[in-house]
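To be precise, the following lines are target.txt, and they hold compact mmCIF, C-alpha atoms.
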# COMPACT_ATOMS: atom_id res chain seq x y z
CA MET A 1 -30.79 2.79 4.01
CA ARG A 2 -28.51 -0.20 3.51
CA LEU A 3 -24.84 0.09 2.49
CA LEU A 4 -22.62 -2.72 1.25
CA ILE A 5 -18.90 -2.02 1.70
CA LEU A 6 -16.22 -4.15 0.01
CA SER A 7 -12.48 -3.67 -0.25
CA ASP A 8 -9.27 -4.96 -1.79
CA VAL A 9 -10.69 -7.18 -4.50
CA HIS A 10 -7.39 -7.00 -6.45
CA TYR A 11 -9.18 -8.23 -9.59
CA PRO A 12 -8.43 -10.65 -11.25
CA TYR A 13 -6.84 -12.22 -8.16
CA THR A 14 -10.18 -12.93 -6.55
CA ASP A 15 -12.95 -15.49 -6.66
CA GLU A 16 -15.42 -13.99 -9.14
CA ALA A 17 -18.18 -16.36 -8.06
CA VAL A 18 -17.89 -15.24 -4.43
CA LEU A 19 -17.96 -11.57 -5.42
CA LEU A 20 -21.05 -12.09 -7.57
CA ASP A 21 -22.69 -14.11 -4.79
CA ILE A 22 -22.18 -11.22 -2.37
CA LEU A 23 -23.61 -8.69 -4.80
CA ARG A 24 -26.66 -10.87 -5.41
CA GLU A 25 -27.09 -11.68 -1.72
CA GLU A 26 -27.04 -7.96 -0.94
CA LYS A 27 -29.35 -7.01 -3.81
CA ASN A 28 -31.32 -4.76 -1.45
CA ALA A 29 -28.31 -2.55 -0.73
CA ASP A 30 -29.08 1.04 -1.70
CA LYS A 31 -25.43 1.78 -2.38
CA ILE A 32 -22.28 -0.29 -2.84
CA ILE A 33 -18.91 1.17 -1.88
CA PHE A 34 -15.65 -0.40 -3.04
CA LEU A 35 -12.86 0.89 -0.79
CA GLY A 36 -9.98 0.71 -3.24
CA ASP A 37 -7.45 -1.70 -4.70
CA ASN A 38 -10.33 -2.78 -6.87
CA VAL A 39 -7.92 -4.15 -9.49
CA ARG A 40 -4.32 -5.32 -9.36
CA GLU A 41 -3.38 -3.40 -12.48
CA ASP A 42 -5.13 -0.63 -14.40
CA ARG A 43 -5.52 -2.81 -17.51
CA ASN A 44 -7.88 -5.05 -15.51
CA GLY A 45 -10.31 -2.16 -14.92
CA PRO A 46 -12.70 -2.67 -17.88
CA LYS A 47 -13.20 -6.38 -17.13
CA PHE A 48 -13.79 -5.60 -13.46
CA LEU A 49 -16.49 -3.07 -14.36
CA ASP A 50 -18.11 -5.57 -16.70
CA LEU A 51 -18.23 -8.06 -13.83
CA ILE A 52 -19.94 -5.59 -11.50
CA LYS A 53 -22.46 -4.66 -14.20
CA LYS A 54 -23.68 -8.26 -14.26
CA THR A 55 -25.57 -7.55 -11.03
CA ARG A 56 -25.71 -3.78 -10.47
CA ASP A 57 -26.14 -0.49 -12.25
CA LEU A 58 -22.91 1.44 -11.79
CA LYS A 59 -24.86 4.54 -10.73
CA ASP A 60 -25.44 2.72 -7.41
CA VAL A 61 -21.71 2.07 -6.93
CA VAL A 62 -18.95 4.27 -5.49
CA PHE A 63 -15.34 3.34 -6.26
CA ILE A 64 -12.66 4.65 -3.90
CA ARG A 65 -9.12 4.93 -5.26
CA GLY A 66 -6.53 2.59 -3.73
CA ASN A 67 -2.78 2.42 -4.22
CA HIS A 68 -3.21 -0.15 -7.04
CA ASP A 69 -5.99 1.64 -8.94
CA GLY A 70 -5.23 3.64 -12.06
CA GLU A 71 -7.52 5.56 -14.39
CA ALA A 72 -9.60 2.77 -15.94
CA ILE A 73 -12.13 2.84 -13.08
CA PRO A 74 -13.87 6.14 -12.21
CA CYS A 75 -12.59 6.49 -8.63
CA VAL A 76 -12.75 9.18 -5.97
CA ASP A 77 -10.23 9.67 -3.16
CA SER A 78 -12.88 9.51 -0.44
CA PHE A 79 -16.61 9.47 0.04
CA GLU A 80 -18.61 11.07 2.83
CA LEU A 81 -22.12 10.29 3.94
CA ILE A 82 -24.40 11.55 6.69
CA LEU A 83 -26.45 8.67 8.05
CA ASN A 84 -28.99 9.42 10.76
CA GLY A 85 -27.03 12.47 11.82
CA GLU A 86 -23.66 10.69 11.94
CA LYS A 87 -20.85 11.42 9.48
CA LEU A 88 -19.17 8.42 7.84
CA THR A 89 -15.99 8.85 5.80
CA PHE A 90 -14.92 6.06 3.45
CA MET A 91 -11.26 5.89 2.35
CA HIS A 92 -8.84 3.24 1.14
CA GLY A 93 -6.43 3.82 4.02
CA ASP A 94 -3.04 3.77 2.31
CA GLN A 95 -2.86 7.46 3.21
CA PHE A 96 -2.19 6.41 6.79
CA LYS A 97 0.75 4.06 6.35
CA ILE A 98 4.03 5.12 7.92
CA GLY A 99 7.02 4.67 5.62
CA SER A 100 7.17 2.39 2.59
CA GLU A 101 4.94 -0.62 2.03
CA GLY A 102 7.92 -2.89 2.74
CA SER A 103 8.89 -1.26 6.02
CA THR A 104 5.27 -1.08 7.15
CA HIS A 105 4.79 -4.80 6.43
CA LYS A 106 8.02 -5.68 8.26
CA PHE A 107 7.03 -3.66 11.32
CA GLY A 108 3.53 -5.14 11.22
CA SER A 109 4.96 -8.68 11.14
CA ILE A 110 6.90 -7.96 14.32
CA LEU A 111 3.82 -6.55 16.06
CA LYS A 112 1.72 -9.53 14.97
CA LYS A 113 4.12 -11.93 16.68
CA ILE A 114 3.40 -10.10 19.93
CA HIS A 115 -0.37 -10.10 19.39
CA ARG A 116 -2.26 -10.75 16.17
CA GLU A 117 -4.46 -7.65 16.60
CA LEU A 118 -1.62 -5.18 17.21
CA PRO A 119 -0.88 -4.26 13.55
CA VAL A 120 -4.49 -3.43 12.67
CA LEU A 121 -4.97 -1.60 15.98
CA ALA A 122 -1.86 0.47 15.20
CA PHE A 123 -3.20 1.16 11.69
CA ALA A 124 -6.57 2.28 13.05
CA THR A 125 -4.94 4.46 15.70
CA VAL A 126 -2.64 6.18 13.19
CA ALA A 127 -5.62 6.73 10.87
CA ARG A 128 -7.59 8.39 13.65
CA ILE A 129 -4.64 10.62 14.61
CA LYS A 130 -3.59 11.59 11.08
CA HIS A 131 -7.06 12.20 9.68
CA GLN A 132 -7.92 15.79 10.43
CA ASN A 133 -11.52 15.55 11.51
CA LYS A 134 -13.84 15.73 14.44
CA SER A 135 -13.45 12.85 16.87
CA GLY A 136 -17.07 11.79 16.37
CA GLU A 137 -16.66 10.97 12.67
CA TYR A 138 -16.59 7.31 11.67
CA LEU A 139 -13.72 6.13 9.45
CA ILE A 140 -14.42 3.13 7.22
CA LEU A 141 -11.15 1.84 5.74
CA GLY A 142 -9.68 -0.80 3.45
CA HIS A 143 -5.98 -1.47 2.74
CA SER A 144 -5.14 -3.54 5.84
CA HIS A 145 -6.98 -6.68 4.63
CA ALA A 146 -8.14 -7.05 8.24
CA LEU A 147 -11.79 -7.36 9.23
CA ALA A 148 -12.05 -5.47 12.50
CA SER A 149 -13.92 -2.75 14.35
CA PHE A 150 -12.66 -0.38 17.02
CA ARG A 151 -15.64 1.25 18.66
CA ARG A 152 -13.78 3.79 20.79
CA LEU A 153 -11.69 4.94 17.83
CA ARG A 154 -14.74 4.83 15.56
CA VAL A 155 -12.66 3.05 12.94
CA VAL A 156 -13.73 0.01 10.91
CA CYS A 157 -11.49 -2.13 8.70
CA VAL A 158 -13.46 -3.89 6.00
CA GLY A 159 -11.39 -7.00 5.22
CA CYS A 160 -10.59 -8.13 1.68
CA LEU A 161 -11.83 -10.28 -1.20
CA THR A 162 -8.49 -11.03 -2.83
CA ASN A 163 -6.72 -14.37 -2.93
CA GLU A 164 -3.36 -12.65 -2.66
CA LYS A 165 -1.75 -13.16 0.73
CA SER A 166 -0.81 -10.24 2.96
CA LEU A 167 -0.20 -9.55 6.64
CA TYR A 168 -3.92 -10.14 7.17
CA ASN A 169 -5.99 -12.33 4.88
CA GLU A 170 -9.43 -11.87 6.37
CA LYS A 171 -12.02 -12.30 3.65
CA GLY A 172 -15.23 -10.47 4.32
CA TYR A 173 -17.19 -7.27 3.99
CA VAL A 174 -19.29 -4.83 5.98
CA VAL A 175 -22.98 -3.97 5.93
CA ILE A 176 -24.27 -0.74 7.45
CA LYS A 177 -27.99 -0.17 7.73
CA SER A 178 -30.15 2.48 9.32
CA GLU A 179 -32.91 1.39 11.66
CA GLY A 180 -35.18 4.13 12.90
CA SER A 181 -33.09 6.96 14.27
CA GLU A 182 -29.94 4.81 14.60
CA PHE A 183 -27.71 2.75 12.36
CA ASN A 184 -25.85 -0.49 12.95
CA LEU A 185 -22.79 -2.07 11.42
CA SER A 186 -22.09 -5.76 10.87
CA LEU A 187 -18.85 -7.49 9.92
CA ILE A 188 -19.48 -10.39 7.54
CA SER A 189 -16.67 -12.94 7.68
CA LEU A 190 -15.93 -15.38 4.87
CA GLY A 191 -12.96 -16.88 6.73
CA SER A 192 -9.26 -16.41 6.10
CA ILE A 193 -7.56 -17.33 2.83
CA SER A 194 -5.52 -20.04 4.54
CA GLU A 195 -8.62 -21.55 6.16
CA SER A 196 -11.00 -21.75 3.22
CA PRO A 197 -10.11 -20.18 -0.13
CA ASN A 198 -13.37 -21.36 -1.71
CA THR A 199 -15.80 -20.24 0.97
CA ARG A 200 -19.10 -19.15 -0.54
CA VAL A 201 -21.59 -16.62 0.73
CA ASP A 202 -23.98 -19.24 2.09
CA HIS A 203 -21.30 -20.12 4.67
CA ILE A 204 -20.83 -16.64 6.06
CA THR A 205 -20.92 -15.69 9.70
CA ALA A 206 -22.21 -12.27 10.63
CA GLU A 207 -21.48 -10.24 13.72
CA LYS A 208 -23.34 -7.08 14.64
CA VAL A 209 -20.41 -5.13 15.98
CA TRP A 210 -21.92 -1.89 17.20
CA ASP A 211 -24.69 0.53 16.57
CA SER A 212 -24.74 4.30 16.82
CA SER A 213 -26.94 4.23 19.91
CA ARG A 214 -24.12 2.53 21.88
CA SER A 215 -21.10 4.33 20.46
Please lay out the structure from this file as structure tokens.
Amino acid sequence: MRLLILSDVHYPYTDEAVLLDILREEKNADKIIFLGDNVREDRNGPKFLDLIKKTRDLKDVVFIRGNHDGEAIPCVDSFELILNGEKLTFMHGDQFKIGSEGSTHKFGSILKKIHRELPVLAFATVARIKHQNKSGEYLILGHSHALASFRRLRVVCVGCLTNEKSLYNEKGYVVIKSEGSEFNLSLISLGSISESPNTRVDHITAEKVWDSSRS
């Protein structure tokens, strides 16, 4: 099984050509999961769905609800999947912020001056603590706009596809695929917004981050 996971498109503030390139490049994905903040405003929902339908049947797509999503897109709050005996939970991640968006961003900016990875590490740690689950469950999250993996926490942050700037602006996505009795996860980086706002899929770099046999 092959899963394509995308997050924080913030349609229409995205590069439609890049999004379509990804969907076509990953045409063999059995399921596509959008991890929330699919649109910037609810009124953009119908056009966003029309865009996705250019390459995929919506029955193969799961839309997670983010803090910007309204009712125009048929979203769920979370999605769970058992893959080769391992439980994966997909959520947007705004459930794990501490305080308001403004205060969280301000605190994150301070942490990032100390070390650029500190804000996303703090986010992943809080998510692991606040989410009431067994420690072995994998959490796959959006919201942070960071593309990162924390093997010991079993938390993955999926990056973003929006052109809107945030604390992190790491364009990319995640592919999870099962191989035999195990599965592996790869972070696909498209570069940061400041580095290359027009990066296309044929310029991606992929990193196999971890597989379930080594977790």
**Item:** Non-local contacts of region 8-25 of chain A (7 Å; all atoms listed in the file; under 6 positions in same chain excluded) as a list in words
**Value:**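 Contacts, in chain order: Leu35, Gly36, Asp37, Asn38, Val39, Arg40, Asn44, Phe48, Thr55, Gly142, His143, Cys160, Leu161, Thr162, Asn163, Glu164, Arg200 and Val201 of chain A.
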**Complete:** With distances taken over only C-alpha atoms, the candidate from A:Lys97, A:Leu51, A:His92, A:Gly45 nearest Ala72 (chain A) is A:Gly45
**Prompt:** In Å, how far is it from CA of Ile110 (chain A) to CA of Ser144 (chain A)?
**Reply:**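 Value for the CA of Ile110 (chain A)-CA of Ser144 (chain A) distance: 15.4 Å.
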**Asked** Quick one: residues within 10 Å of Ser149 (chain A), all atoms listed in the file counted, chain neighbours fewer than 5 positions away excluded, as a ChimeraX atom specification?
**Response** /A:120-121,124,140,154-158,185-187,209-210
**Distance of CA of Lys171 (chain A) from CA of Gly159 (chain A), expressed in Å to one decimal place** =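 Separating CA of Gly159 (chain A) from CA of Lys171 (chain A) is a distance of 5.6 Å.
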**Between CA of Asn84 (chain A) and CA of Ser189 (chain A) - distance in Å to one decimal** =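 The value is 25.7 Å.
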